[in-house]
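Working notes, structure below.
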Amino acid sequence: MCGIFGVLDHQRPVAAARSLAVSQARLLRHRGPDYSGLYVDERVALAHERLAIVDPLHGAQPLVSADGQLVLAVNGEIYDHQATRARFPDWAFQTDSDCEVILPLYRAHGAELVHHLRGMFAFVLYDKGTGDWLIARDPLGIIPLYLGRDAAGVLHVASELKALAAICETVDLFPPGHVMGKGDAAPRRWYARAWTTAVPDAPADPAALREALIDSVRSHLMSDVPYGVLLSGGLDSSVVAAIAARFAEHRVESGGRERAWWPRLHSFSIGLAGSPDVEAAARAAAFLGTAHHAFQFTVQEGIDALADVIWHLETFDVTTVRASTPMYLMARRIKAMGIKMVLSGEGSDELFGGYLYFHKAPGAEAFHEETVRKLQQLHLYDCLRANKSMAAWGVEARVPFLDTAFVDHAMGIPARHKLCGDRIEKHLLRTAFQGWLPDDILWRQKEQFSDGVGYGWIDGLRAHAEAVITDAALEEAQVRLGTALTKEACLYRQIFEGHFPQAQAAGTVPVAESVACSTPAALAWDPSFRGRADPSGRAVAGVHKAAY
């Protein structure tokens, strides 16, 4: 994971633009602790903080074309870069970096290059010859990106809010699946899919689903540094780990012809003492033969980390803070072991309706519409959590379920095949990987991460908030914000505003009622949801089965 900062058409002396870029990029160095790079001229300033995963010796950024005319700062991974390189035999590549293929693609296709990328990315590209520039973000917002304008209206771009909040008068999220060029007044959508509105009827094909996910995971193993897998013991991370374990002994970069540089696959879990996730993860790891590392934390350790977590996450959303804190603590331990990249299971629940509230869906159409809404909001929640929790310690999180090709495959499956009914959620995905995992893992009920680390975690957070937020403070916050709050939500908002007191900062955070991670629209599915805004999976009475 890397950090980028840019000022476009900056209207400053070059020395002043350089100084600004250096100071603001420093705030992003946790994302890329390996190298710092800078490009500044009389029009733009681009800074890059690099986490070196592919070509760590030569892939420093900003990347510059051989003729010196194109300059690129990018945070991301382009998984099909080898095939793309083969399309440009006459291009003078300067490195083996996967991201460098963006440069010849730009020469060939202009802004349409984004349609030729398979990966996760947020980038700024500057054409020195024309003075044009291009900003782009991946389809689902796996990689974070923010825009801001200062008092003079000059455009700034950064990987995280913290690099913009104090210097810009307006700050907004750069929306997923959008591009913005020098002539554009605002970002414009480039990513569109027919499945957002309709899906043709077709039979279910577990074998095709399995092969599509295998292809995605295999592509995501591209790495020149040690990597691992997050293994909660739930279905999604366990399936990803099972596939990764099949390919870990050989380098995917050579088509499996060379032995892997680090052939033993390492897996990681975290939880409170007695956590259902930790126990399930240990069983899955033993079955898969990974070198497994189970970390334990206490409620107090998590509470002590809240201020740091919210600084890195840049959100006060309750479910995101709850789930991010154990992940943040785990990331530090992962980095201490020399691991720089991990595969994770985010996205499956959105694709297949895995959250427990999907049991209440009134029909296939409503089910499908909710999966679309969830995917379109992932950049505000789970993608943000996975990316920033790991990036806080210089670890990259990759999410194979959100590979564009796999998303198209999964969302092309008619929702009638995904409906829970009297079956366990994600029945089709489980069927597709029959035999790849122990049955007690393959058919384990969904536990949201903040629940699975131990039920005492959420209960402890609520008790802590009750102790530190007075009734008067809660009432004042509710009047000031014009909305109802729990004391836990009030605490997180208070910490966030301490870090980011600027009014525009809070506008980048979503505020919506939810039951078990539902969108507000799904609250109408069941009368019991009304008035029960609780993101925990335990809020779905009659469906959730306590693990202990």
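Identifiers in the structure tokens: chain A, B, ... in order shown; residue index from 1 per chain; ligand index from 1 in order shown.
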A:Glu249 environment, 10 Å, only C-alpha atoms, sequence neighbours closer than 5 positions dropped, as JSON, numbers by chain: {"A": [244, 256, 258, 259, 260, 261, 262, 263, 264, 265]}
Kindly save the residues from that selection, with C-alpha atoms included, as a short mmCIF file (atom, residue, chain, number, x, y, z; two decimals), in the first residue's frame.
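Final file, result-v2.cif:
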data_model
loop_
_atom_site.label_atom_id
_atom_site.label_comp_id
_atom_site.auth_asym_id
_atom_site.auth_seq_id
_atom_site.Cartn_x
_atom_site.Cartn_y
_atom_site.Cartn_z
CA ALA A 244 -3.88 -19.47 -1.82
CA GLY A 256 4.06 -21.58 -11.67
CA GLU A 258 9.53 -21.33 -10.48
CA ARG A 259 9.43 -22.24 -6.82
CA ALA A 260 8.11 -19.49 -4.58
CA TRP A 261 10.61 -17.30 -2.80
CA TRP A 262 8.66 -17.80 0.44
CA PRO A 263 6.87 -21.13 -0.06
CA ARG A 264 5.25 -21.53 3.37
CA LEU A 265 1.91 -19.72 3.55
#
Alpha helix (DSSP H) residues, from DSSP on the backbone, in stretch 106-228 of chain A, as a ChimeraX atom specification: /A:106-109,206-220
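Those residues that approach A:Glu49 to within 6 Å, counting only C-alpha atoms, are A:Cys2, A:Gly3, A:Arg29, A:Gly32, A:Tyr35, A:Ser36; same-chain residues fewer than 4 positions away are not listed.
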Using N, CA and C atoms, can you export the residues from the last selection as an mmCIF file, in the first residue's frame?
data_model
loop_
_atom_site.group_PDB
_atom_site.id
_atom_site.type_symbol
_atom_site.label_atom_id
_atom_site.label_comp_id
_atom_site.auth_asym_id
_atom_site.auth_seq_id
_atom_site.Cartn_x
_atom_site.Cartn_y
_atom_site.Cartn_z
ATOM 1 N N CYS A 2 0.457 2.240 -0.710
ATOM 2 C CA CYS A 2 1.237 3.461 -0.836
ATOM 3 C C CYS A 2 0.368 4.658 -0.482
ATOM 4 N N GLY A 3 1.010 5.824 -0.424
ATOM 5 C CA GLY A 3 0.285 7.067 -0.198
ATOM 6 C C GLY A 3 0.652 8.055 -1.281
ATOM 7 N N ARG A 29 3.076 8.701 5.402
ATOM 8 C CA ARG A 29 4.234 7.807 5.318
ATOM 9 C C ARG A 29 3.975 6.431 5.923
ATOM 10 N N GLY A 32 3.312 4.039 3.191
ATOM 11 C CA GLY A 32 4.428 3.633 2.349
ATOM 12 C C GLY A 32 5.751 3.977 2.989
ATOM 13 N N TYR A 35 9.988 4.074 0.599
ATOM 14 C CA TYR A 35 10.653 5.142 -0.153
ATOM 15 C C TYR A 35 9.739 6.360 -0.196
ATOM 16 N N SER A 36 10.346 7.527 -0.347
ATOM 17 C CA SER A 36 9.617 8.764 -0.618
ATOM 18 C C SER A 36 10.072 9.297 -1.965
#
Atom-to-atom span, atom CA of A:Ala364 and atom CA of A:Thr196, Å: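 If I compute the distance from atom CA of A:Ala364 to atom CA of A:Thr196, I get 13.9 Å.
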Neighbouring residues of stretch 315-319 of chain A were defined as those with any atom within 10 Å, considering only C-alpha atoms; residues of the same chain fewer than 2 positions away were excluded. Please report them as a PDB file with C-alpha atoms, in the first residue's frame.
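Produced file out.pdb, reproduced below:
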ATOM      1  CA  LEU A 161      -8.205  12.903   4.578  1.00  0.00           C
ATOM      2  CA  VAL A 309      -7.602   3.769  15.116  1.00  0.00           C
ATOM      3  CA  ILE A 310      -9.942   6.676  14.400  1.00  0.00           C
ATOM      4  CA  TRP A 311      -6.969   8.833  13.322  1.00  0.00           C
ATOM      5  CA  HIS A 312      -6.003   6.215  10.758  1.00  0.00           C
ATOM      6  CA  LEU A 313      -9.525   5.172   9.740  1.00  0.00           C
ATOM      7  CA  VAL A 321     -14.519   1.378  14.361  1.00  0.00           C
ATOM      8  CA  ARG A 322     -15.605  -1.803  16.128  1.00  0.00           C
ATOM      9  CA  ALA A 323     -14.221  -4.066  13.403  1.00  0.00           C
ATOM     10  CA  SER A 324     -11.149  -1.986  12.583  1.00  0.00           C
ATOM     11  CA  LEU A 380     -17.264   3.788   2.906  1.00  0.00           C
ATOM     12  CA  TYR A 381     -17.070   0.738   5.144  1.00  0.00           C
ATOM     13  CA  ASP A 382     -15.294  -2.598   4.595  1.00  0.00           C
ATOM     14  CA  LEU A 384     -11.966   1.560   4.043  1.00  0.00           C
ATOM     15  CA  ARG A 385     -11.497  -0.687   7.080  1.00  0.00           C
ATOM     16  CA  GLN A 448     -19.331 -10.332  11.683  1.00  0.00           C
ATOM     17  CA  PHE A 449     -15.688  -9.674  12.485  1.00  0.00           C
ATOM     18  CA  SER A 450     -16.447  -7.381  15.424  1.00  0.00           C
ATOM     19  CA  ILE A 458     -18.678  -4.912  21.578  1.00  0.00           C
ATOM     20  CA  THR A 486     -25.847   6.201  21.212  1.00  0.00           C
ATOM     21  CA  GLU A 488     -20.782   4.726  21.735  1.00  0.00           C
ATOM     22  CA  ALA A 489     -21.430   6.711  18.542  1.00  0.00           C
ATOM     23  CA  CYS A 490     -21.014   9.948  20.476  1.00  0.00           C
ATOM     24  CA  LEU A 491     -17.623   8.808  21.782  1.00  0.00           C
ATOM     25  CA  TYR A 492     -16.305   8.001  18.307  1.00  0.00           C
ATOM     26  CA  ARG A 493     -17.601  11.300  16.915  1.00  0.00           C
ATOM     27  CA  GLN A 494     -15.916  13.149  19.776  1.00  0.00           C
ATOM     28  CA  ILE A 495     -12.565  11.464  19.085  1.00  0.00           C
ATOM     29  CA  PHE A 496     -12.883  12.108  15.341  1.00  0.00           C
ATOM     30  CA  GLU A 497     -13.605  15.813  15.841  1.00  0.00           C
ATOM     31  CA  ALA A 505     -13.977  16.567   7.468  1.00  0.00           C
ATOM     32  CA  ALA A 506     -17.116  15.087   9.018  1.00  0.00           C
ATOM     33  CA  THR A 508     -16.723  12.543   4.306  1.00  0.00           C
ATOM     34  CA  VAL A 509     -18.177  10.052   6.818  1.00  0.00           C
ATOM     35  CA  PRO A 510     -21.481   8.234   6.161  1.00  0.00           C
ATOM     36  CA  VAL A 511     -24.259   8.530   8.728  1.00  0.00           C
ATOM     37  CA  ALA A 512     -27.071   5.977   8.348  1.00  0.00           C
ATOM     38  CA  SER A 514     -28.349  -0.075  10.092  1.00  0.00           C
ATOM     39  CA  ALA A 516     -26.470  -6.071  11.196  1.00  0.00           C
ATOM     40  CA  CYS A 517     -24.718  -3.946   8.555  1.00  0.00           C
ATOM     41  CA  ASP A 534     -27.418  -1.935  15.832  1.00  0.00           C
ATOM     42  CA  PRO A 535     -24.785  -3.063  13.323  1.00  0.00           C
ATOM     43  CA  SER A 536     -23.987  -6.271  15.253  1.00  0.00           C
TER      44      SER A 536
END
Residue contacts of A:His292 (10 Å, only C-alpha atoms) excluding same-chain residues fewer than 5 positions away, as a PyMOL selection string: chain A and resi 228-231+265-269+281-282+284-286
Of the listed residues A:Val157, A:Ala245, A:Ala198, A:Val240, that which approaches A:Glu365 most closely, counting only C-alpha atoms: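 The answer is A:Ala198, which sits nearest to A:Glu365.
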Please report, as a PDB file with N, CA and C atoms, in the first residue's frame, each residue of stretch 188-324 of chain A to which DSSP assigns strand (DSSP E) when run on this structure's backbone.
ATOM      1  N   ARG A 188     -16.234  12.134 -13.251  1.00  0.00           N
ATOM      2  CA  ARG A 188     -17.277  11.546 -14.092  1.00  0.00           C
ATOM      3  C   ARG A 188     -17.132  10.023 -14.079  1.00  0.00           C
ATOM      4  N   ARG A 189     -18.275   9.358 -14.117  1.00  0.00           N
ATOM      5  CA  ARG A 189     -18.292   7.902 -13.981  1.00  0.00           C
ATOM      6  C   ARG A 189     -17.734   7.224 -15.228  1.00  0.00           C
ATOM      7  N   TYR A 227       4.286 -12.628   1.975  1.00  0.00           N
ATOM      8  CA  TYR A 227       2.860 -12.326   2.111  1.00  0.00           C
ATOM      9  C   TYR A 227       2.177 -13.386   2.960  1.00  0.00           C
ATOM     10  N   GLY A 228       0.922 -13.114   3.316  1.00  0.00           N
ATOM     11  CA  GLY A 228       0.149 -14.057   4.104  1.00  0.00           C
ATOM     12  C   GLY A 228      -1.324 -13.910   3.824  1.00  0.00           C
ATOM     13  N   VAL A 229      -2.139 -14.569   4.637  1.00  0.00           N
ATOM     14  CA  VAL A 229      -3.595 -14.489   4.505  1.00  0.00           C
ATOM     15  C   VAL A 229      -4.191 -14.198   5.875  1.00  0.00           C
ATOM     16  N   LEU A 230      -5.226 -13.367   5.886  1.00  0.00           N
ATOM     17  CA  LEU A 230      -6.004 -13.189   7.101  1.00  0.00           C
ATOM     18  C   LEU A 230      -6.991 -14.337   7.193  1.00  0.00           C
ATOM     19  N   HIS A 266       1.683 -18.213   5.427  1.00  0.00           N
ATOM     20  CA  HIS A 266       1.405 -17.826   6.806  1.00  0.00           C
ATOM     21  C   HIS A 266      -0.005 -17.266   6.908  1.00  0.00           C
ATOM     22  N   SER A 267      -0.697 -17.610   7.975  1.00  0.00           N
ATOM     23  CA  SER A 267      -2.064 -17.119   8.207  1.00  0.00           C
ATOM     24  C   SER A 267      -2.140 -16.473   9.578  1.00  0.00           C
ATOM     25  N   PHE A 268      -3.108 -15.537   9.716  1.00  0.00           N
ATOM     26  CA  PHE A 268      -3.182 -14.710  10.917  1.00  0.00           C
ATOM     27  C   PHE A 268      -4.632 -14.541  11.379  1.00  0.00           C
ATOM     28  N   SER A 269      -4.818 -14.627  12.691  1.00  0.00           N
ATOM     29  CA  SER A 269      -6.133 -14.360  13.288  1.00  0.00           C
ATOM     30  C   SER A 269      -5.937 -13.583  14.576  1.00  0.00           C
ATOM     31  N   ILE A 270      -7.025 -12.990  15.064  1.00  0.00           N
ATOM     32  CA  ILE A 270      -6.967 -12.241  16.324  1.00  0.00           C
ATOM     33  C   ILE A 270      -8.299 -12.338  17.037  1.00  0.00           C
ATOM     34  N   GLY A 271      -8.252 -12.288  18.356  1.00  0.00           N
ATOM     35  CA  GLY A 271      -9.491 -12.303  19.122  1.00  0.00           C
ATOM     36  C   GLY A 271      -9.224 -12.189  20.606  1.00  0.00           C
ATOM     37  N   ALA A 291       1.287 -21.937   8.202  1.00  0.00           N
ATOM     38  CA  ALA A 291       1.994 -21.548   9.426  1.00  0.00           C
ATOM     39  C   ALA A 291       1.109 -20.490  10.087  1.00  0.00           C
ATOM     40  N   HIS A 292       0.411 -20.885  11.113  1.00  0.00           N
ATOM     41  CA  HIS A 292      -0.651 -20.027  11.641  1.00  0.00           C
ATOM     42  C   HIS A 292      -0.195 -19.266  12.890  1.00  0.00           C
ATOM     43  N   HIS A 293      -0.660 -18.023  12.980  1.00  0.00           N
ATOM     44  CA  HIS A 293      -0.311 -17.159  14.099  1.00  0.00           C
ATOM     45  C   HIS A 293      -1.603 -16.546  14.652  1.00  0.00           C
ATOM     46  N   ALA A 294      -1.949 -16.933  15.853  1.00  0.00           N
ATOM     47  CA  ALA A 294      -3.160 -16.434  16.497  1.00  0.00           C
ATOM     48  C   ALA A 294      -2.772 -15.412  17.556  1.00  0.00           C
ATOM     49  N   PHE A 295      -3.258 -14.202  17.399  1.00  0.00           N
ATOM     50  CA  PHE A 295      -2.949 -13.124  18.332  1.00  0.00           C
ATOM     51  C   PHE A 295      -4.141 -12.889  19.253  1.00  0.00           C
ATOM     52  N   GLN A 296      -3.836 -12.572  20.479  1.00  0.00           N
ATOM     53  CA  GLN A 296      -4.886 -12.302  21.468  1.00  0.00           C
ATOM     54  C   GLN A 296      -4.788 -10.852  21.931  1.00  0.00           C
TER      55      GLN A 296
END
Point-to-point distance in Å for atom CA of A:Asp127 and atom CA of A:Arg87: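 We find that atom CA of A:Arg87 and atom CA of A:Asp127 lie 21.3 Å from each other.
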Atomic separation - atom CA of A:Phe500 relative to atom CA of A:Pro62, Å: 28.5 Å
Selection: 12 Å around A:Arg85, only C-alpha atoms, excl. self and same-chain fewer than 6 positions, as number ranges by chain: A: 78-79, 91-105, 116-117
Write out the residues from the selection above, keeping C-alpha atoms, as an mmCIF file, in the first residue's frame.
data_model
loop_
_atom_site.group_PDB
_atom_site.id
_atom_site.type_symbol
_atom_site.label_atom_id
_atom_site.label_comp_id
_atom_site.auth_asym_id
_atom_site.auth_seq_id
_atom_site.Cartn_x
_atom_site.Cartn_y
_atom_site.Cartn_z
ATOM 1 C CA ILE A 78 -2.395 -4.053 -11.555
ATOM 2 C CA TYR A 79 -2.773 -7.822 -11.554
ATOM 3 C CA TRP A 91 7.469 0.868 -25.100
ATOM 4 C CA ALA A 92 10.653 1.631 -23.160
ATOM 5 C CA PHE A 93 9.675 0.371 -19.717
ATOM 6 C CA GLN A 94 11.913 1.755 -16.980
ATOM 7 C CA THR A 95 11.014 -0.742 -14.223
ATOM 8 C CA ASP A 96 9.258 -4.060 -13.572
ATOM 9 C CA SER A 97 6.577 -2.266 -11.560
ATOM 10 C CA ASP A 98 3.063 -3.504 -12.282
ATOM 11 C CA CYS A 99 1.812 0.087 -12.228
ATOM 12 C CA GLU A 100 4.060 1.295 -15.043
ATOM 13 C CA VAL A 101 1.698 -0.190 -17.647
ATOM 14 C CA ILE A 102 -0.640 2.730 -16.954
ATOM 15 C CA LEU A 103 1.744 4.979 -18.924
ATOM 16 C CA PRO A 104 1.574 3.225 -22.331
ATOM 17 C CA LEU A 105 -2.131 2.614 -21.792
ATOM 18 C CA HIS A 116 -7.994 -1.903 -19.565
ATOM 19 C CA LEU A 117 -6.890 -2.282 -15.932
#
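Here the question is which of A:Ile424, A:Met330, A:Leu140, A:Ile135 gets nearest to A:Leu378 using only C-alpha atoms, and that residue is A:Leu140.
Taking only C-alpha atoms into account, A:Ser159 lies nearest to A:Val124 out of the set A:Val22, A:Met180, A:Leu481, A:Val124.
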Among listed residues A:Ala204, A:Leu134, A:Cys420, A:Ile303, nearest A:Arg462 (using only C-alpha atoms):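 Among the listed residues, A:Ile303 lies closest to A:Arg462.
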A:Arg333, A:Gly129, A:Ala60, A:Val154 ranked by distance to A:Ala392, top pick (using only C-alpha atoms):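 Counting only C-alpha atoms, the residue closest to A:Ala392 is A:Arg333.
Distance check against A:Lys388 using only C-alpha atoms: of A:Lys446, A:Lys360, A:Arg12, A:Arg31, the minimum falls on A:Arg31.
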